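Dropping start37.cif in here (mmCIF, C-alpha atoms and all ligand atoms):
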```cif
data_entry
#
loop_
_atom_site.label_atom_id
_atom_site.label_comp_id
_atom_site.auth_asym_id
_atom_site.auth_seq_id
_atom_site.Cartn_x
_atom_site.Cartn_y
_atom_site.Cartn_z
CA MET A 1 58.46 60.00 -69.16
CA ARG A 2 61.68 61.94 -68.92
CA SER A 3 64.64 59.95 -70.17
CA VAL A 4 67.77 60.02 -68.05
CA LEU A 5 71.21 59.59 -69.54
CA VAL A 6 73.30 57.29 -67.40
CA TYR A 7 77.00 57.88 -67.83
CA ARG A 8 79.68 55.33 -67.14
CA THR A 9 81.59 56.30 -63.97
CA VAL A 10 84.88 58.07 -64.61
CA GLU A 11 87.04 57.37 -61.58
CA LEU A 12 89.68 60.07 -61.26
CA ARG A 13 89.85 60.40 -57.46
CA SER A 14 92.98 58.30 -57.27
CA ASP A 15 94.85 55.46 -58.93
CA THR A 16 94.05 53.40 -55.82
CA PHE A 17 90.50 52.78 -57.09
CA THR A 18 91.48 50.29 -59.80
CA ARG A 19 89.87 46.87 -59.53
CA PRO A 20 91.61 43.62 -60.42
CA CYS A 21 90.97 42.50 -64.00
CA ASP A 22 90.05 38.90 -64.85
CA GLY A 23 93.67 37.93 -65.56
CA MET A 24 94.77 39.26 -62.19
CA ARG A 25 91.92 37.49 -60.38
CA LYS A 26 92.84 34.23 -62.09
CA ALA A 27 96.46 34.66 -61.01
CA MET A 28 95.25 35.25 -57.43
CA TYR A 29 93.00 32.18 -57.59
CA ASN A 30 95.78 29.96 -58.86
CA ALA A 31 98.53 31.24 -56.56
CA GLU A 32 100.63 28.79 -54.64
CA VAL A 33 100.46 29.78 -50.97
CA GLY A 34 102.01 28.95 -47.61
CA ASP A 35 102.56 30.50 -44.20
CA VAL A 36 104.61 33.69 -44.60
CA CYS A 37 105.64 33.61 -40.92
CA TYR A 38 107.20 30.19 -41.56
CA ASN A 39 108.83 31.43 -44.77
CA GLU A 40 106.72 29.01 -46.76
CA ASP A 41 104.84 31.20 -49.17
CA LYS A 42 106.58 30.78 -52.51
CA THR A 43 104.50 33.42 -54.26
CA VAL A 44 105.32 36.06 -51.66
CA GLN A 45 108.98 35.11 -51.99
CA ARG A 46 108.81 35.39 -55.76
CA LEU A 47 107.27 38.86 -55.46
CA GLU A 48 109.88 40.01 -52.94
CA GLU A 49 112.69 38.76 -55.16
CA ALA A 50 111.13 40.29 -58.27
CA VAL A 51 110.85 43.75 -56.71
CA ALA A 52 114.33 43.56 -55.17
CA GLY A 53 115.66 42.63 -58.61
CA LEU A 54 113.71 45.35 -60.37
CA LEU A 55 115.05 47.98 -57.96
CA GLY A 56 118.59 46.59 -57.80
CA LYS A 57 118.56 45.77 -54.08
CA GLU A 58 119.40 42.60 -52.15
CA ALA A 59 116.07 41.71 -50.59
CA GLY A 60 112.40 42.65 -50.30
CA MET A 61 109.53 42.55 -47.83
CA PHE A 62 105.86 42.43 -48.82
CA ALA A 63 103.47 44.34 -46.54
CA ALA A 64 99.89 45.54 -46.61
CA SER A 65 100.39 49.18 -47.57
CA GLY A 66 102.83 51.91 -48.50
CA THR A 67 102.25 53.50 -45.11
CA MET A 68 103.41 50.27 -43.53
CA THR A 69 106.51 49.83 -45.71
CA ASN A 70 107.54 53.44 -45.08
CA LEU A 71 106.99 52.98 -41.35
CA LEU A 72 108.90 49.68 -41.31
CA ALA A 73 111.79 51.25 -43.21
CA LEU A 74 112.03 53.89 -40.49
CA ALA A 75 111.65 51.22 -37.79
CA ALA A 76 114.51 49.25 -39.31
CA HIS A 77 116.82 52.22 -39.81
CA CYS A 78 116.15 54.49 -36.82
CA LYS A 79 116.37 54.47 -33.03
CA ARG A 80 114.10 56.31 -30.60
CA GLY A 81 115.17 59.94 -30.36
CA ASP A 82 116.38 60.02 -33.95
CA GLU A 83 115.27 62.72 -36.32
CA ILE A 84 114.55 62.32 -40.02
CA LEU A 85 114.72 64.98 -42.73
CA LEU A 86 112.04 65.20 -45.40
CA GLY A 87 110.03 67.68 -47.47
CA HIS A 88 107.12 69.39 -45.73
CA GLN A 89 104.76 68.23 -48.51
CA ASN A 90 105.86 64.60 -48.38
CA HIS A 91 103.37 61.80 -47.84
CA ILE A 92 105.28 60.40 -44.84
CA TYR A 93 104.95 63.73 -43.08
CA ASN A 94 101.33 64.51 -44.02
CA TYR A 95 99.33 61.36 -44.63
CA GLU A 96 100.68 58.56 -42.48
CA GLY A 97 99.22 59.54 -39.14
CA GLY A 98 102.55 60.78 -37.83
CA GLY A 99 103.39 57.08 -37.40
CA ALA A 100 107.14 57.58 -37.09
CA SER A 101 106.70 59.72 -33.98
CA ALA A 102 103.54 58.04 -32.69
CA LEU A 103 104.96 54.52 -32.81
CA LEU A 104 108.74 54.74 -33.18
CA GLY A 105 109.76 57.80 -31.14
CA VAL A 106 111.28 59.31 -34.27
CA ALA A 107 110.98 63.08 -34.81
CA PHE A 108 110.28 64.75 -38.15
CA HIS A 109 112.43 67.63 -39.30
CA PRO A 110 110.68 69.02 -42.38
CA VAL A 111 112.38 71.26 -44.93
CA ALA A 112 110.60 73.09 -47.77
CA THR A 113 109.26 71.00 -50.64
CA LEU A 114 109.86 72.91 -53.89
CA GLY A 115 107.49 72.95 -56.86
CA ASP A 116 109.15 69.96 -58.51
CA GLY A 117 109.09 67.84 -55.36
CA THR A 118 112.78 68.36 -54.59
CA ASN A 119 114.33 70.19 -51.64
CA ARG A 120 117.13 72.74 -51.57
CA LEU A 121 120.33 70.88 -50.86
CA SER A 122 121.37 73.78 -48.62
CA ASP A 123 118.16 73.32 -46.58
CA LEU A 124 118.87 69.63 -46.10
CA ARG A 125 122.49 70.32 -45.25
CA GLU A 126 121.60 72.99 -42.69
CA ALA A 127 119.02 70.73 -41.08
CA ILE A 128 121.60 68.06 -40.26
CA ARG A 129 122.40 68.45 -36.58
CA ASP A 130 125.81 68.41 -35.00
CA ASP A 131 126.76 65.42 -32.92
CA ASP A 132 125.94 67.01 -29.56
CA PHE A 133 123.81 65.54 -26.77
CA HIS A 134 121.50 68.56 -26.81
CA PHE A 135 120.20 67.57 -30.19
CA ALA A 136 118.15 64.79 -31.65
CA ARG A 137 120.28 62.52 -33.80
CA THR A 138 119.79 63.13 -37.52
CA SER A 139 119.74 59.67 -39.04
CA LEU A 140 117.86 59.61 -42.33
CA VAL A 141 116.71 61.59 -45.36
CA ALA A 142 113.47 60.58 -47.09
CA VAL A 143 112.44 61.73 -50.57
CA GLU A 144 109.31 60.96 -52.60
CA THR A 145 109.16 60.07 -56.28
CA THR A 146 106.93 60.68 -58.08
CA HIS A 147 105.94 63.48 -55.74
CA ASN A 148 102.20 63.40 -55.15
CA LYS A 149 101.66 66.99 -54.06
CA ALA A 150 104.17 68.39 -56.57
CA ASN A 151 102.06 67.51 -59.62
CA GLY A 152 103.24 63.91 -59.58
CA SER A 153 106.70 65.03 -60.67
CA PRO A 154 109.45 62.45 -60.93
CA LEU A 155 112.47 63.70 -58.97
CA PRO A 156 115.32 64.62 -61.34
CA PRO A 157 118.15 62.03 -61.36
CA SER A 158 120.60 64.83 -60.54
CA PHE A 159 118.72 65.52 -57.29
CA MET A 160 118.75 61.83 -56.36
CA ALA A 161 122.53 61.81 -56.90
CA GLU A 162 122.99 64.94 -54.79
CA VAL A 163 120.93 63.54 -51.90
CA GLY A 164 122.86 60.28 -52.16
CA ALA A 165 126.16 62.14 -51.93
CA LEU A 166 124.94 64.23 -49.00
CA CYS A 167 123.84 61.10 -47.14
CA ARG A 168 127.17 59.39 -47.74
CA GLU A 169 129.07 62.46 -46.61
CA HIS A 170 127.12 62.62 -43.34
CA GLN A 171 126.52 58.90 -42.85
CA LEU A 172 122.78 59.26 -43.14
CA VAL A 173 120.37 56.64 -44.44
CA PHE A 174 118.70 57.49 -47.76
CA HIS A 175 115.10 56.24 -47.98
CA VAL A 176 112.92 56.64 -51.07
CA ASP A 177 109.14 56.68 -50.78
CA GLY A 178 108.65 55.32 -54.28
CA ALA A 179 104.93 54.62 -54.04
CA ARG A 180 104.75 55.67 -57.72
CA LEU A 181 108.35 54.90 -58.62
CA MET A 182 107.31 53.00 -61.76
CA ASN A 183 105.54 56.14 -62.99
CA ALA A 184 108.82 57.98 -62.50
CA SER A 185 110.66 55.25 -64.38
CA VAL A 186 108.26 55.45 -67.33
CA ALA A 187 108.28 59.27 -67.39
CA LEU A 188 112.08 59.53 -67.16
CA GLU A 189 112.58 56.55 -69.50
CA MET A 190 115.03 55.26 -66.95
CA PRO A 191 115.19 51.87 -65.20
CA ALA A 192 113.81 52.08 -61.66
CA SER A 193 117.02 50.52 -60.33
CA GLU A 194 118.96 53.42 -61.84
CA ILE A 195 116.69 56.03 -60.24
CA VAL A 196 117.14 54.55 -56.75
CA ARG A 197 120.76 53.47 -57.12
CA GLU A 198 121.90 55.68 -54.23
CA ALA A 199 119.06 54.66 -51.91
CA ASP A 200 119.43 52.36 -48.90
CA SER A 201 115.76 51.44 -48.96
CA VAL A 202 112.80 51.96 -51.27
CA SER A 203 109.08 51.48 -50.78
CA LEU A 204 107.04 50.65 -53.91
CA CYS A 205 103.22 50.50 -53.94
CA LEU A 206 101.53 47.81 -55.99
CA SER A 207 98.06 49.22 -55.36
CA LYS A 208 98.45 52.60 -57.06
CA GLY A 209 98.86 52.86 -60.83
CA LEU A 210 100.05 49.26 -61.04
CA GLY A 211 96.51 48.16 -60.26
CA ALA A 212 96.88 45.47 -57.58
CA PRO A 213 94.17 45.52 -54.88
CA ILE A 214 96.62 45.70 -51.99
CA GLY A 215 100.26 45.71 -51.12
CA SER A 216 103.59 47.41 -51.09
CA VAL A 217 107.15 46.10 -51.10
CA LEU A 218 110.12 47.48 -49.19
CA VAL A 219 113.56 46.70 -50.59
CA GLY A 220 117.06 47.15 -49.18
CA THR A 221 119.96 45.12 -47.83
CA HIS A 222 119.44 41.66 -46.33
CA ALA A 223 120.11 43.13 -42.87
CA ILE A 224 117.57 45.95 -43.22
CA ILE A 225 114.89 43.65 -44.61
CA LYS A 226 115.52 41.13 -41.82
CA GLU A 227 114.96 43.87 -39.24
CA ALA A 228 111.93 45.22 -41.12
CA LYS A 229 110.36 41.75 -41.07
CA ARG A 230 110.89 41.55 -37.31
CA GLN A 231 109.16 44.92 -36.93
CA ARG A 232 106.38 43.87 -39.32
CA LYS A 233 105.57 41.03 -36.91
CA VAL A 234 105.64 43.47 -33.97
CA LEU A 235 103.08 45.65 -35.73
CA GLY A 236 100.81 42.68 -36.35
CA GLY A 237 101.63 42.59 -40.02
CA GLY A 238 103.05 39.06 -40.09
CA TRP A 239 100.71 37.49 -42.51
CA ARG A 240 100.00 33.92 -43.46
CA GLN A 241 98.82 32.70 -46.90
CA ALA A 242 99.40 36.08 -48.53
CA GLY A 243 100.45 34.46 -51.80
CA SER A 244 97.11 35.26 -53.42
CA LEU A 245 97.79 38.94 -52.80
CA ALA A 246 101.39 38.65 -53.91
CA ALA A 247 100.18 37.00 -57.11
CA ALA A 248 98.19 40.14 -57.88
CA GLY A 249 101.37 42.17 -57.36
CA LEU A 250 103.38 39.91 -59.66
CA TYR A 251 100.66 40.15 -62.28
CA ALA A 252 100.68 43.95 -61.92
CA LEU A 253 104.45 44.16 -62.41
CA GLU A 254 104.29 41.87 -65.41
CA HIS A 255 101.33 43.40 -67.23
CA ASN A 256 100.63 46.89 -65.99
CA VAL A 257 103.91 48.79 -66.06
CA PRO A 258 103.60 49.47 -69.81
CA MET A 259 100.05 50.76 -69.18
CA LEU A 260 101.44 53.68 -67.17
CA GLU A 261 102.48 55.38 -70.37
CA ARG A 262 98.84 55.54 -71.44
CA ASP A 263 97.91 57.00 -68.02
CA HIS A 264 100.52 59.72 -68.50
CA HIS A 265 99.26 60.42 -72.00
CA ASN A 266 95.69 60.67 -70.68
CA ALA A 267 96.78 63.02 -67.88
CA GLN A 268 98.51 65.25 -70.42
CA ALA A 269 95.36 65.31 -72.60
CA LEU A 270 93.24 66.13 -69.55
CA ALA A 271 95.53 68.99 -68.50
CA THR A 272 95.65 70.37 -72.04
CA GLY A 273 91.85 70.20 -72.28
CA PHE A 274 91.40 71.95 -68.93
CA SER A 275 93.92 74.65 -69.84
CA GLN A 276 91.79 75.63 -72.85
CA ILE A 277 88.67 76.30 -70.77
CA PRO A 278 88.36 79.98 -69.80
CA GLY A 279 88.14 80.18 -66.01
CA VAL A 280 90.09 76.97 -65.41
CA VAL A 281 93.68 77.21 -64.27
CA CYS A 282 95.82 74.24 -65.24
CA ASP A 283 99.36 74.07 -66.56
CA PRO A 284 99.97 71.04 -68.80
CA SER A 285 103.71 71.70 -68.73
CA CYS A 286 103.67 70.75 -65.02
CA VAL A 287 102.14 67.35 -65.76
CA SER A 288 104.58 64.57 -66.53
CA THR A 289 102.93 61.50 -64.98
CA ASN A 290 99.34 60.63 -63.99
CA ILE A 291 98.40 63.43 -61.57
CA VAL A 292 96.68 66.65 -62.67
CA TYR A 293 95.97 69.53 -60.32
CA PHE A 294 93.71 72.36 -61.45
CA ARG A 295 91.40 75.09 -60.20
CA VAL A 296 88.04 76.33 -61.36
CA LEU A 297 87.84 80.05 -60.72
CA GLY A 298 84.64 81.45 -59.27
CA LEU A 299 83.40 78.07 -57.98
CA PRO A 300 84.43 76.39 -54.72
CA ALA A 301 86.23 73.09 -55.32
CA GLY A 302 83.60 71.17 -53.35
CA GLU A 303 80.89 72.53 -55.63
CA VAL A 304 82.79 71.43 -58.75
CA VAL A 305 83.23 67.94 -57.29
CA ARG A 306 79.53 67.73 -56.39
CA ARG A 307 78.29 68.84 -59.81
CA LEU A 308 80.68 66.59 -61.70
CA LYS A 309 79.50 63.64 -59.66
CA GLU A 310 75.78 64.34 -59.73
CA GLN A 311 75.47 65.53 -63.30
CA TYR A 312 78.20 63.62 -65.13
CA ASN A 313 79.22 60.69 -62.93
CA VAL A 314 82.80 61.98 -63.03
CA LEU A 315 84.63 61.55 -59.73
CA LEU A 316 87.60 63.59 -58.68
CA GLY A 317 89.19 64.81 -55.50
CA ILE A 318 90.13 67.99 -53.73
CA GLY A 319 93.85 68.51 -53.22
CA ALA A 320 94.18 68.76 -49.48
CA TYR A 321 96.35 71.82 -49.50
CA ARG A 322 95.97 75.29 -51.01
CA GLY A 323 92.22 75.00 -50.47
CA ASP A 324 90.66 75.08 -53.88
CA ARG A 325 92.95 72.80 -55.87
CA LEU A 326 91.21 69.90 -57.56
CA ARG A 327 93.01 66.66 -58.31
CA ALA A 328 92.47 64.14 -61.07
CA VAL A 329 94.55 60.96 -61.20
CA THR A 330 94.46 58.87 -64.37
CA ASN A 331 94.63 55.11 -63.99
CA LEU A 332 94.08 51.75 -65.68
CA MET A 333 90.30 52.13 -65.73
CA VAL A 334 90.27 55.53 -67.44
CA THR A 335 89.95 55.64 -71.22
CA GLU A 336 90.61 58.38 -73.77
CA GLU A 337 86.85 58.84 -74.11
CA ASP A 338 86.55 59.33 -70.36
CA ILE A 339 89.13 62.09 -70.61
CA ALA A 340 87.24 63.86 -73.39
CA ARG A 341 84.00 63.55 -71.42
CA THR A 342 85.62 64.96 -68.28
CA VAL A 343 86.94 68.00 -70.15
CA ARG A 344 83.48 68.58 -71.68
CA ALA A 345 81.82 68.21 -68.29
CA VAL A 346 84.09 70.79 -66.65
CA ALA A 347 83.61 73.15 -69.62
CA GLU A 348 79.82 72.84 -69.29
CA ILE A 349 79.90 73.47 -65.56
CA VAL A 350 82.06 76.54 -66.01
CA GLY A 351 79.90 77.68 -68.93
CA ARG A 352 76.79 77.63 -66.74
CA THR A 353 78.48 79.57 -63.97
CA ASN A 354 77.62 83.24 -63.73
CA ARG A 355 79.97 84.91 -66.22
CA GLU A 356 80.57 87.96 -64.03
CA LYS A 357 81.58 85.74 -61.12
CA VAL A 358 84.14 83.90 -63.25
CA ASP A 359 85.52 87.14 -64.68
CA ARG A 360 85.83 88.63 -61.21
CA ALA A 361 87.60 85.52 -59.94
CA CYS A 362 89.91 85.55 -62.98
CA ALA A 363 90.84 89.18 -62.34
CA GLY A 364 91.39 88.42 -58.64
CA PHE A 365 93.49 85.42 -59.51
CA LYS A 366 95.77 87.46 -61.77
CA GLU A 367 96.25 89.97 -58.99
CA THR A 368 97.24 87.34 -56.46
CA LEU A 369 99.57 85.78 -59.04
CA LEU A 370 101.25 89.14 -59.55
CA ALA A 371 101.34 89.85 -55.83
CA GLY A 372 102.75 86.41 -55.09
C1 LIG B 401 99.81 56.13 -51.42
C2 LIG B 401 101.11 56.63 -50.99
C3 LIG B 401 101.76 56.07 -49.87
C4 LIG B 401 101.13 55.07 -48.93
O1 LIG B 401 100.39 54.11 -49.46
P1 LIG B 401 99.15 53.37 -48.75
O2 LIG B 401 99.21 52.07 -49.44
O3 LIG B 401 97.96 54.20 -49.08
O4 LIG B 401 99.41 53.28 -47.31
C5 LIG B 401 103.00 56.54 -49.56
N1 LIG B 401 103.59 57.51 -50.28
C6 LIG B 401 103.00 58.06 -51.34
C7 LIG B 401 103.71 59.12 -52.11
C8 LIG B 401 101.73 57.64 -51.74
O5 LIG B 401 101.15 58.21 -52.79
#
```

Can I see the file as structure tokens?
Amino acid sequence: MRSVLVYRTVELRSDTFTRPCDGMRKAMYNAEVGDVCYNEDKTVQRLEEAVAGLLGKEAGMFAASGTMTNLLALAAHCKRGDEILLGHQNHIYNYEGGGASALLGVAFHPVATLGDGTNRLSDLREAIRDDDFHFARTSLVAVETTHNKANGSPLPPSFMAEVGALCREHQLVFHVDGARLMNASVALEMPASEIVREADSVSLCLSKGLGAPIGSVLVGTHAIIKEAKRQRKVLGGGWRQAGSLAAAGLYALEHNVPMLERDHHNAQALATGFSQIPGVVCDPSCVSTNIVYFRVLGLPAGEVVRRLKEQYNVLLGIGAYRGDRLRAVTNLMVTEEDIARTVRAVAEIVGRTNREKVDRACAGFKETLLAG
């Protein structure tokens, strides 16, 4: 009988795949709960206060997802016919179903996202419309940190300050999509409250690297959060005994923030390992948090994903833009051994690929790099 090696699954598709550990499940089981719509869930309140405190804002609102807290921020800040400025690679623009325009009558005005997730200040400035009835009303600027599509880069504090100043100058709202803000805080070695000091509202996901099964918190002024809660009810997001879910979020904030450093370390090791495989393009100097983008030359991304899954039980994703980019996201469940195994698996797959094909792709890639 042929023996089959069964590998442990290495889950690198996203940091959303983490499952609650025993401690988190116990916290959920033991949570004190009440009806959120009657303001009676103490655990939800504790979570909202904890996140508001952590981010240096007055109040918080717990909701089901980051998409929902981003949408509710826009609902609270904007009127129909308003226009918001944001990077063309931002999550709000690409991955939230166009919710702001579909549901709120708010138009997007995208400006270029640069390689580090920032935007040119001049682009933002030029995109602000004059106060003239021909134009949509520019009302808000949204940035994203860490920036998912820009290698998970934390936005530089200087950029945050510049956007803050621009918003003040033009009386625009400054919203931060901080789904992975705690990753930015760990990478920059800077308190999260400091990073978002200039922001009027911030959305923080508990279900990404922090490892909770669900949930996101929006923070801002009392007035903004009051309006966001009204809109949450309108959208059908007024929940009841959500304390069990909030307990998972509190547990995540208490126990899992320090774990992000290990995720970043693992991502760096993964990128370094990939960069040493001939035929793999990956730049470890671009990796500062838990997201690693790379390419395998001479093999379509889908083929790499399929072989890694079938032969090695290693799961990773395809970056949705620039066709053949692959994405690996380290998270709580990924160990150092998993990283080593993933690097070996990719090296073996590339090693078995027709040498001539890889060499041809490498040569082609250099040309396009030079041409670009
Ligand atoms: C995941 C994510 C969101 C939205 O979160 P969901 O909980 O999946 O709705 C928003 N912004 C960024 C940058 C994200 O990575």

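When all atoms listed in the file are used to measure the gap to A:Thr16, the shortest distance among A:Pro300, A:Gly319, A:Gly211, A:Gly220 belongs to A:Gly211.
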
(request) List every protein, DNA or RNA residue with an atom no more than 8 Å from (94.3, 48.2, -57.7) in the file's coordinates, counting all atoms listed in the file, and format the result as a list in words. (result)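 Every residue inside that radius is included here: Asp15, Thr16, Phe17, Thr18, Arg19, Pro20, Leu206, Ser207, Lys208, Gly209, Leu210, Gly211, Ala212, Pro213 and Ile214 of chain A.
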
Near ligand LIG 401 (chain B), 7 Å: chain A residue rows, closest pairs, all atoms listed in the file, as JSON lines:
```
{"residue": "A:Ser65", "atom": "CA", "partner": "B:LIG401", "partner_atom": "O2", "distance": 3.6}
{"residue": "A:Gly66", "atom": "CA", "partner": "B:LIG401", "partner_atom": "O1", "distance": 3.4}
{"residue": "A:Thr67", "atom": "CA", "partner": "B:LIG401", "partner_atom": "O4", "distance": 3.6}
{"residue": "A:Met68", "atom": "CA", "partner": "B:LIG401", "partner_atom": "O4", "distance": 6.3}
{"residue": "A:Asn90", "atom": "CA", "partner": "B:LIG401", "partner_atom": "C7", "distance": 7.0}
{"residue": "A:His91", "atom": "CA", "partner": "B:LIG401", "partner_atom": "N1", "distance": 4.9}
{"residue": "A:Ile92", "atom": "CA", "partner": "B:LIG401", "partner_atom": "N1", "distance": 6.4}
{"residue": "A:Glu144", "atom": "CA", "partner": "B:LIG401", "partner_atom": "C7", "distance": 5.9}
{"residue": "A:Thr145", "atom": "CA", "partner": "B:LIG401", "partner_atom": "C7", "distance": 6.9}
{"residue": "A:Thr146", "atom": "CA", "partner": "B:LIG401", "partner_atom": "C7", "distance": 7.0}
{"residue": "A:His147", "atom": "CA", "partner": "B:LIG401", "partner_atom": "C7", "distance": 6.1}
{"residue": "A:Asn148", "atom": "CA", "partner": "B:LIG401", "partner_atom": "C7", "distance": 5.5}
{"residue": "A:Asp177", "atom": "CA", "partner": "B:LIG401", "partner_atom": "N1", "distance": 5.6}
{"residue": "A:Gly178", "atom": "CA", "partner": "B:LIG401", "partner_atom": "C7", "distance": 6.6}
{"residue": "A:Ala179", "atom": "CA", "partner": "B:LIG401", "partner_atom": "C6", "distance": 4.8}
{"residue": "A:Arg180", "atom": "CA", "partner": "B:LIG401", "partner_atom": "O5", "distance": 6.6}
{"residue": "A:Cys205", "atom": "CA", "partner": "B:LIG401", "partner_atom": "O2", "distance": 6.2}
{"residue": "A:Ser207", "atom": "CA", "partner": "B:LIG401", "partner_atom": "O2", "distance": 6.7}
{"residue": "A:Lys208", "atom": "CA", "partner": "B:LIG401", "partner_atom": "C1", "distance": 6.8}
{"residue": "A:Gly215", "atom": "CA", "partner": "B:LIG401", "partner_atom": "O2", "distance": 6.7}
{"residue": "A:Ser216", "atom": "CA", "partner": "B:LIG401", "partner_atom": "O2", "distance": 6.6}
```

C-alpha atoms of the current selection, written as an mmCIF file, in the coordinates of the input:
```
data_model
loop_
_atom_site.group_PDB
_atom_site.id
_atom_site.type_symbol
_atom_site.label_atom_id
_atom_site.label_comp_id
_atom_site.auth_asym_id
_atom_site.auth_seq_id
_atom_site.Cartn_x
_atom_site.Cartn_y
_atom_site.Cartn_z
ATOM 1 C CA SER A 65 100.390 49.180 -47.570
ATOM 2 C CA GLY A 66 102.830 51.910 -48.500
ATOM 3 C CA THR A 67 102.250 53.500 -45.110
ATOM 4 C CA MET A 68 103.410 50.270 -43.530
ATOM 5 C CA ASN A 90 105.860 64.600 -48.380
ATOM 6 C CA HIS A 91 103.370 61.800 -47.840
ATOM 7 C CA ILE A 92 105.280 60.400 -44.840
ATOM 8 C CA GLU A 144 109.310 60.960 -52.600
ATOM 9 C CA THR A 145 109.160 60.070 -56.280
ATOM 10 C CA THR A 146 106.930 60.680 -58.080
ATOM 11 C CA HIS A 147 105.940 63.480 -55.740
ATOM 12 C CA ASN A 148 102.200 63.400 -55.150
ATOM 13 C CA ASP A 177 109.140 56.680 -50.780
ATOM 14 C CA GLY A 178 108.650 55.320 -54.280
ATOM 15 C CA ALA A 179 104.930 54.620 -54.040
ATOM 16 C CA ARG A 180 104.750 55.670 -57.720
ATOM 17 C CA CYS A 205 103.220 50.500 -53.940
ATOM 18 C CA SER A 207 98.060 49.220 -55.360
ATOM 19 C CA LYS A 208 98.450 52.600 -57.060
ATOM 20 C CA GLY A 215 100.260 45.710 -51.120
ATOM 21 C CA SER A 216 103.590 47.410 -51.090
#
```

(message) Need the shell around stretch 277-293 of chain A: protein/DNA/RNA residues with any atom at most 6 Å away, counting only C-alpha atoms. Skip same-chain ones fewer than 4 positions apart. Format as a list of chain:residue names?
(response)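 Answer for this query is A:Asn151, A:Gly152, A:Asp263, A:His264, A:Ala267, A:Ala271, A:Thr272, A:Leu297, A:Leu326, A:Arg327, A:Ala328, A:Val329, A:Thr330.
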
(message) Between atom CA of A:Ala246 and atom CA of A:Phe62, what distance in Å does the model show, to one decimal?
(response)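 Answer for the atom CA of A:Ala246 to atom CA of A:Phe62 separation: 7.8 Å.
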
(request) Give me, please, the distance in Å between atom CA of A:Lys233 and atom CA of A:Arg137, quoted to one decimal. (result) 26.2 Å

As a PDB file with C-alpha atoms, in the frame of the given file, please: the residues near A:Ala107 (cut-off 12 Å, only C-alpha atoms, same-chain neighbours under 3 positions excluded).
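What landed in part27.pdb:
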```pdb
ATOM      1  CA  LEU A  74     112.030  53.890 -40.490  1.00  0.00           C
ATOM      2  CA  CYS A  78     116.150  54.490 -36.820  1.00  0.00           C
ATOM      3  CA  LYS A  79     116.370  54.470 -33.030  1.00  0.00           C
ATOM      4  CA  ARG A  80     114.100  56.310 -30.600  1.00  0.00           C
ATOM      5  CA  GLY A  81     115.170  59.940 -30.360  1.00  0.00           C
ATOM      6  CA  ASP A  82     116.380  60.020 -33.950  1.00  0.00           C
ATOM      7  CA  GLU A  83     115.270  62.720 -36.320  1.00  0.00           C
ATOM      8  CA  ILE A  84     114.550  62.320 -40.020  1.00  0.00           C
ATOM      9  CA  LEU A  85     114.720  64.980 -42.730  1.00  0.00           C
ATOM     10  CA  LEU A  86     112.040  65.200 -45.400  1.00  0.00           C
ATOM     11  CA  ILE A  92     105.280  60.400 -44.840  1.00  0.00           C
ATOM     12  CA  TYR A  93     104.950  63.730 -43.080  1.00  0.00           C
ATOM     13  CA  GLY A  98     102.550  60.780 -37.830  1.00  0.00           C
ATOM     14  CA  GLY A  99     103.390  57.080 -37.400  1.00  0.00           C
ATOM     15  CA  ALA A 100     107.140  57.580 -37.090  1.00  0.00           C
ATOM     16  CA  SER A 101     106.700  59.720 -33.980  1.00  0.00           C
ATOM     17  CA  ALA A 102     103.540  58.040 -32.690  1.00  0.00           C
ATOM     18  CA  LEU A 103     104.960  54.520 -32.810  1.00  0.00           C
ATOM     19  CA  LEU A 104     108.740  54.740 -33.180  1.00  0.00           C
ATOM     20  CA  PRO A 110     110.680  69.020 -42.380  1.00  0.00           C
ATOM     21  CA  PHE A 135     120.200  67.570 -30.190  1.00  0.00           C
ATOM     22  CA  ALA A 136     118.150  64.790 -31.650  1.00  0.00           C
ATOM     23  CA  ARG A 137     120.280  62.520 -33.800  1.00  0.00           C
ATOM     24  CA  THR A 138     119.790  63.130 -37.520  1.00  0.00           C
ATOM     25  CA  SER A 139     119.740  59.670 -39.040  1.00  0.00           C
ATOM     26  CA  LEU A 140     117.860  59.610 -42.330  1.00  0.00           C
TER      27      LEU A 140
END
```

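Relative to atom CA of A:Gly115, atom CA of A:Thr342 is found at 25.9 Å.
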
(message) I'd like to know which of A:His88, A:Arg13, A:Arg325, A:Lys57 is closest to A:Val219, using only C-alpha atoms.
(response)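 Result for the nearest residue to A:Val219: A:Lys57.
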
(request) Tell me which of A:Lys357, A:Lys229, A:Arg344, A:Gly273 sits closest to A:Tyr38, counting all atoms listed in the file. (result) A:Lys229
